[in-house]
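First comes the structure, then the notes that go with it.
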Amino acid sequence: MNEHQTIPSLRRFPAEWERHDCVMLAWPHEETDWNYILSDARRCIADIVRAVSRDECVMLVGPASLCLPSIKEQGFDPERVKFFDLPTNDTWARDFGPLTVEVDGSIRLLDFKFNGWGLKFAADRDNLISSRLEGLGAFSAGMENRLNFVLEGGSVESDGEGTLLTTAECLLSPNRNGEWGREQISRYLGEAFGFTHQMFLHHGALLGDDTDSHIDTLARLAPHNTILYCGAGEPGNPNYDELAKMQEELTTLRSPDGMPYNLIELPLPDTIEADGEVLPATYANFLITPSSILLPVYGQYRKDLLAAQTLKIAFPDHEIVQIDCNPLIRQHGSLHCVTMQFPVGAVAGIADGKWIENSTLD
């Protein structure tokens, strides 16, 4: 369903493919759910850090006593990677990190409430990370208190031109914002982000997804009125029915000028299970940096390759970097979920793509 508001806005939520200051990740440690596969999880996060830091800076957060020794073992470039000593519950930076908007041409960080995806998991430490980073002087942009509203970064997609793509199942979840209805939530999002064109999908839930259908596991906005989406795969796979309905729903969406979107289908990974449970593996959970796309892959050579080739259709000038995310999917998330990008002008202490000072990792 399209909702197109014609009220002009002075706010803008940048698209992910615009320039960044840096990308934030949280380092796995013994007091997180990664403890049983800690070395695998750290290897995966390290691979992401190295891939991102080829082009831009990385901000790592976590408790120093549990994280810093293993981070130093990785030998990250201290000019690109900086560590901030903060207590954490987990590693899903996409959902607890602040969201960045432009307001009258300046950058502002929005600090929303994170309640563990609708009170499913502990989030008391992660919910404080944005404000604690501000207290440490990590940001050059001002912070805006939005703690009256529960919102995770993985639930909203922006084209940088006022369009929102999201899912009704997540944003209308009663364990997030109580009795708020669609109209009230849409009005709030329009005011906070400057969204003038809002699209809510009602289908596409993946089995094993703890987030109540975050949009970044299902469909992603791309330049030129393009949507990359998770295909339904073959009839008989456990997600086929919902993804087929989502695909049909996507064909009904219209851009602000009334035109259909250019739809590009990503393959559906072969079913991955752990302890008899289907895991929400998807190729839609990629991270866009200014020159690269970090693509989660799952050791399925033909489908991994097809996903990489498909992304080149929407992003022909980007290098596609494949990252083995089998460890991440075992905790029901993937690559985009563990990252949060900050546009240029948001982060303090960065000049010419490098941290000005970072003695922690030297």
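Going by the structure tokens order, chains are called A, B, ..., each with residues numbered from 1, while ligands are numbered from 1 in the order shown.
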
Contacts of stretch 11-23 of chain A within 7 Å, only C-alpha atoms, excl. fewer than 2 positions in-chain, as an MDAnalysis selection string | chainID A and resid 9 25 56:59 100:104 158:160 162 193:194 288:290 339:347

DSSP on the backbone: what in stretch 115-193 of chain A comes out alpha helix (DSSP H), as a VMD selection string?
-> chain A and resid 116 to 119 129 to 135 168 to 171 174 to 177 182 to 193

Written selection (C-alpha atoms) as a CSV table (one decimal), in the first residue's frame:
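So the final result, stored in part.csv, reads:
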chain,number,residue,atom,x,y,z
A,116,GLY,CA,15.3,-6.1,22.1
A,117,TRP,CA,12.9,-6.5,19.2
A,118,GLY,CA,9.7,-6.2,21.1
A,119,LEU,CA,10.9,-7.3,24.5
A,129,ILE,CA,25.2,2.9,23.5
A,130,SER,CA,24.1,6.0,21.5
A,131,SER,CA,24.0,8.3,24.5
A,132,ARG,CA,27.2,6.8,25.9
A,133,LEU,CA,29.1,7.4,22.6
A,134,GLU,CA,27.9,10.9,22.7
A,135,GLY,CA,29.2,11.3,26.2
A,168,ALA,CA,3.7,-3.5,8.9
A,169,GLU,CA,4.4,-6.6,11.0
A,170,CYS,CA,7.4,-4.8,12.6
A,171,LEU,CA,6.4,-1.2,12.9
A,174,PRO,CA,2.2,-4.0,19.9
A,175,ASN,CA,5.4,-4.8,21.9
A,176,ARG,CA,7.2,-1.8,20.4
A,177,ASN,CA,4.9,1.2,20.4
A,182,ARG,CA,-0.6,3.0,11.3
A,183,GLU,CA,-1.7,6.6,10.8
A,184,GLN,CA,0.0,7.8,14.0
A,185,ILE,CA,3.2,5.9,13.3
A,186,SER,CA,3.3,7.2,9.7
A,187,ARG,CA,2.9,10.8,11.0
A,188,TYR,CA,5.6,10.3,13.5
A,189,LEU,CA,8.1,8.9,11.0
A,190,GLY,CA,7.3,11.7,8.6
A,191,GLU,CA,8.1,14.3,11.2
A,192,ALA,CA,11.3,12.5,12.4
A,193,PHE,CA,12.8,11.6,9.1

Compare A:Phe83, A:Ser173, A:Met199, A:Arg330 by their minimum atom-to-atom distance to A:Tyr36, counting only C-alpha atoms, and give me the closest one.
-> A:Arg330

For A:Leu279: contacts at 9 Å, only C-alpha atoms, fewer than 6 positions along chain excluded, given as a VMD selection string = chain A and resid 206 to 209 271 to 273 329 to 333

Hey, can you spit out that residue selection with N, CA, C and O atoms as a PDB file, in the first residue's frame?
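out31.pdb was written with the following content:
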ATOM      1  N   LEU A 206      10.142 -14.234   7.257  1.00  0.00           N
ATOM      2  CA  LEU A 206      11.038 -15.379   7.150  1.00  0.00           C
ATOM      3  C   LEU A 206      10.989 -16.193   8.436  1.00  0.00           C
ATOM      4  O   LEU A 206      11.017 -15.635   9.537  1.00  0.00           O
ATOM      5  N   LEU A 207      10.930 -17.505   8.303  1.00  0.00           N
ATOM      6  CA  LEU A 207      10.995 -18.364   9.481  1.00  0.00           C
ATOM      7  C   LEU A 207      12.320 -18.133  10.218  1.00  0.00           C
ATOM      8  O   LEU A 207      13.374 -17.990   9.588  1.00  0.00           O
ATOM      9  N   GLY A 208      12.253 -18.094  11.538  1.00  0.00           N
ATOM     10  CA  GLY A 208      13.452 -17.904  12.341  1.00  0.00           C
ATOM     11  C   GLY A 208      13.859 -16.470  12.555  1.00  0.00           C
ATOM     12  O   GLY A 208      14.855 -16.202  13.234  1.00  0.00           O
ATOM     13  N   ASP A 209      13.100 -15.518  11.993  1.00  0.00           N
ATOM     14  CA  ASP A 209      13.441 -14.108  12.122  1.00  0.00           C
ATOM     15  C   ASP A 209      12.881 -13.560  13.429  1.00  0.00           C
ATOM     16  O   ASP A 209      11.662 -13.488  13.617  1.00  0.00           O
ATOM     17  N   THR A 271      17.762 -23.725   2.179  1.00  0.00           N
ATOM     18  CA  THR A 271      17.366 -23.724   3.583  1.00  0.00           C
ATOM     19  C   THR A 271      18.533 -24.121   4.487  1.00  0.00           C
ATOM     20  O   THR A 271      19.221 -25.111   4.242  1.00  0.00           O
ATOM     21  N   ILE A 272      18.762 -23.294   5.503  1.00  0.00           N
ATOM     22  CA  ILE A 272      19.788 -23.567   6.508  1.00  0.00           C
ATOM     23  C   ILE A 272      19.077 -23.816   7.830  1.00  0.00           C
ATOM     24  O   ILE A 272      18.227 -23.017   8.247  1.00  0.00           O
ATOM     25  N   GLU A 273      19.409 -24.917   8.489  1.00  0.00           N
ATOM     26  CA  GLU A 273      18.781 -25.261   9.751  1.00  0.00           C
ATOM     27  C   GLU A 273      19.835 -25.468  10.839  1.00  0.00           C
ATOM     28  O   GLU A 273      20.978 -25.833  10.550  1.00  0.00           O
ATOM     29  N   ILE A 329      24.268 -16.143  10.883  1.00  0.00           N
ATOM     30  CA  ILE A 329      22.912 -16.666  10.679  1.00  0.00           C
ATOM     31  C   ILE A 329      22.538 -17.645  11.790  1.00  0.00           C
ATOM     32  O   ILE A 329      21.347 -17.856  12.079  1.00  0.00           O
ATOM     33  N   ARG A 330      23.530 -18.224  12.460  1.00  0.00           N
ATOM     34  CA  ARG A 330      23.226 -19.141  13.568  1.00  0.00           C
ATOM     35  C   ARG A 330      22.602 -18.404  14.756  1.00  0.00           C
ATOM     36  O   ARG A 330      21.971 -19.019  15.603  1.00  0.00           O
ATOM     37  N   GLN A 331      22.777 -17.082  14.800  1.00  0.00           N
ATOM     38  CA  GLN A 331      22.108 -16.252  15.805  1.00  0.00           C
ATOM     39  C   GLN A 331      20.990 -15.418  15.157  1.00  0.00           C
ATOM     40  O   GLN A 331      20.591 -14.381  15.689  1.00  0.00           O
ATOM     41  N   HIS A 332      20.513 -15.889  14.004  1.00  0.00           N
ATOM     42  CA  HIS A 332      19.308 -15.348  13.361  1.00  0.00           C
ATOM     43  C   HIS A 332      19.485 -13.937  12.790  1.00  0.00           C
ATOM     44  O   HIS A 332      18.524 -13.179  12.680  1.00  0.00           O
ATOM     45  N   GLY A 333      20.716 -13.588  12.419  1.00  0.00           N
ATOM     46  CA  GLY A 333      20.967 -12.306  11.777  1.00  0.00           C
ATOM     47  C   GLY A 333      22.005 -12.465  10.698  1.00  0.00           C
ATOM     48  O   GLY A 333      22.482 -13.572  10.439  1.00  0.00           O
TER      49      GLY A 333
END

With distances taken over only C-alpha atoms, which of A:Glu319, A:Asp95, A:Asp257, A:Asp210 is nearest to A:Asp55?
-> A:Glu319

Select, from A:Trp355, A:Tyr283, A:Phe76, A:Phe96, the residue with the minimum atom-to-atom distance to A:Gln322, counting only C-alpha atoms.
->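 Using only C-alpha atoms, the shortest distance to A:Gln322 belongs to A:Tyr283.
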
DSSP-assigned strand (DSSP E or B) among stretch 126-249 of chain A, expressed as a JSON list (two decimals) with C-alpha atoms, in the first residue's frame:
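Contents of the output file selection31.json:
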[["chain", "number", "residue", "atom", "x", "y", "z"],
["A", 139, "PHE", "CA", 29.96, 12.43, 17.42],
["A", 142, "GLY", "CA", 24.02, 16.80, 17.75],
["A", 143, "MET", "CA", 21.93, 14.03, 19.31],
["A", 144, "GLU", "CA", 18.14, 14.19, 19.29],
["A", 145, "ASN", "CA", 16.31, 12.30, 22.05],
["A", 146, "ARG", "CA", 13.70, 10.03, 20.45],
["A", 147, "LEU", "CA", 13.47, 7.54, 23.31],
["A", 148, "ASN", "CA", 9.69, 7.90, 23.37],
["A", 149, "PHE", "CA", 9.54, 5.68, 20.28],
["A", 150, "VAL", "CA", 10.88, 2.16, 19.66],
["A", 157, "GLU", "CA", 14.80, 1.69, 4.15],
["A", 158, "SER", "CA", 15.32, 5.12, 2.56],
["A", 163, "THR", "CA", 10.70, 7.47, 0.45],
["A", 164, "LEU", "CA", 10.28, 4.91, 3.25],
["A", 165, "LEU", "CA", 10.03, 1.16, 2.66],
["A", 166, "THR", "CA", 9.14, -0.89, 5.74],
["A", 167, "THR", "CA", 6.93, -3.72, 6.99],
["A", 197, "HIS", "CA", 6.21, 8.70, 0.57],
["A", 198, "GLN", "CA", 5.67, 5.69, 2.83],
["A", 199, "MET", "CA", 5.26, 2.07, 1.73],
["A", 200, "PHE", "CA", 4.39, -0.71, 4.21],
["A", 201, "LEU", "CA", 4.73, -4.34, 3.09],
["A", 219, "ALA", "CA", 13.69, -5.85, 0.21],
["A", 220, "ARG", "CA", 16.16, -2.99, -0.26],
["A", 221, "LEU", "CA", 15.87, 0.32, -2.03],
["A", 222, "ALA", "CA", 18.46, 1.12, -4.70],
["A", 226, "THR", "CA", 14.81, 0.18, -7.93],
["A", 227, "ILE", "CA", 13.96, -2.44, -5.29],
["A", 228, "LEU", "CA", 16.13, -5.52, -4.78],
["A", 229, "TYR", "CA", 14.11, -8.22, -3.06],
["A", 230, "CYS", "CA", 14.42, -11.74, -1.72]]

Please list as a compact mmCIF listing (two decimals) with all heavy atoms, in the first residue's frame every residue within 6 Å of stretch 297-311 of chain A, counting only C-alpha atoms and excluding residues in the same chain fewer than 3 positions away.
# COMPACT_ATOMS: atom_id res chain seq x y z
N LEU A 266 16.59 -11.18 -6.02
CA LEU A 266 17.75 -11.89 -5.49
C LEU A 266 17.38 -13.35 -5.26
O LEU A 266 16.23 -13.65 -4.92
CB LEU A 266 18.20 -11.28 -4.17
CG LEU A 266 18.83 -9.88 -4.24
CD1 LEU A 266 18.85 -9.23 -2.86
CD2 LEU A 266 20.25 -9.96 -4.80
N ALA A 314 22.04 -3.45 -10.12
CA ALA A 314 21.62 -2.21 -9.46
C ALA A 314 22.79 -1.31 -9.11
O ALA A 314 22.63 -0.09 -9.05
CB ALA A 314 20.82 -2.54 -8.21
N ILE A 323 31.19 -12.04 2.02
CA ILE A 323 31.60 -12.34 3.39
C ILE A 323 30.83 -13.57 3.87
O ILE A 323 29.60 -13.59 3.83
CB ILE A 323 31.29 -11.16 4.35
CG1 ILE A 323 31.93 -9.86 3.85
CG2 ILE A 323 31.74 -11.50 5.76
CD1 ILE A 323 33.42 -9.79 3.99
N ASP A 324 31.55 -14.59 4.31
CA ASP A 324 30.91 -15.80 4.85
C ASP A 324 30.20 -15.46 6.15
O ASP A 324 30.83 -15.16 7.16
CB ASP A 324 31.97 -16.89 5.09
CG ASP A 324 31.38 -18.16 5.72
OD1 ASP A 324 30.14 -18.25 5.85
OD2 ASP A 324 32.18 -19.04 6.09
N CYS A 325 28.87 -15.50 6.13
CA CYS A 325 28.07 -15.12 7.30
C CYS A 325 27.35 -16.30 7.93
O CYS A 325 26.34 -16.11 8.64
CB CYS A 325 27.08 -14.03 6.91
SG CYS A 325 27.87 -12.42 6.66
N ASN A 326 27.85 -17.50 7.72
CA ASN A 326 27.26 -18.66 8.39
C ASN A 326 27.26 -18.52 9.91
O ASN A 326 26.30 -18.93 10.56
CB ASN A 326 27.97 -19.94 7.94
CG ASN A 326 27.41 -20.48 6.64
OD1 ASN A 326 26.22 -20.84 6.56
ND2 ASN A 326 28.22 -20.51 5.60

Among the residues A:Arg42, A:Lys82, A:Arg54, A:Lys312, the one that comes closest to A:Ile350 [using only C-alpha atoms] |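 Among A:Arg42, A:Lys82, A:Arg54, A:Lys312, it is A:Lys82 that comes nearest to A:Ile350.
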
Using only C-alpha atoms: which of A:Asn225, A:Thr360, A:Ser155, A:Thr32 has the shortest distance to A:Ala123 |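 Looking only at the distances to A:Ala123, the closest residue turns out to be A:Thr32.
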
Residues at most 12 Å from A:Ser39, counting only C-alpha atoms, excluding those fewer than 5 positions away in the same chain, as an MDAnalysis selection string?
-> chainID A and resid 27:30 34 44:46 70:71 74 327:328

From A:Leu60, A:Val81, A:Leu253, A:Leu218, residue lying nearest A:Asn358 [only C-alpha atoms] =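 Of all the options, A:Val81 lies closest to A:Asn358.
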
When you draw a straight line from atom CA of A:Asp77 to atom CA of A:Ser334, how long is it in Å?
->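 Pair atom CA of A:Asp77 / atom CA of A:Ser334 returns 24.2 Å.
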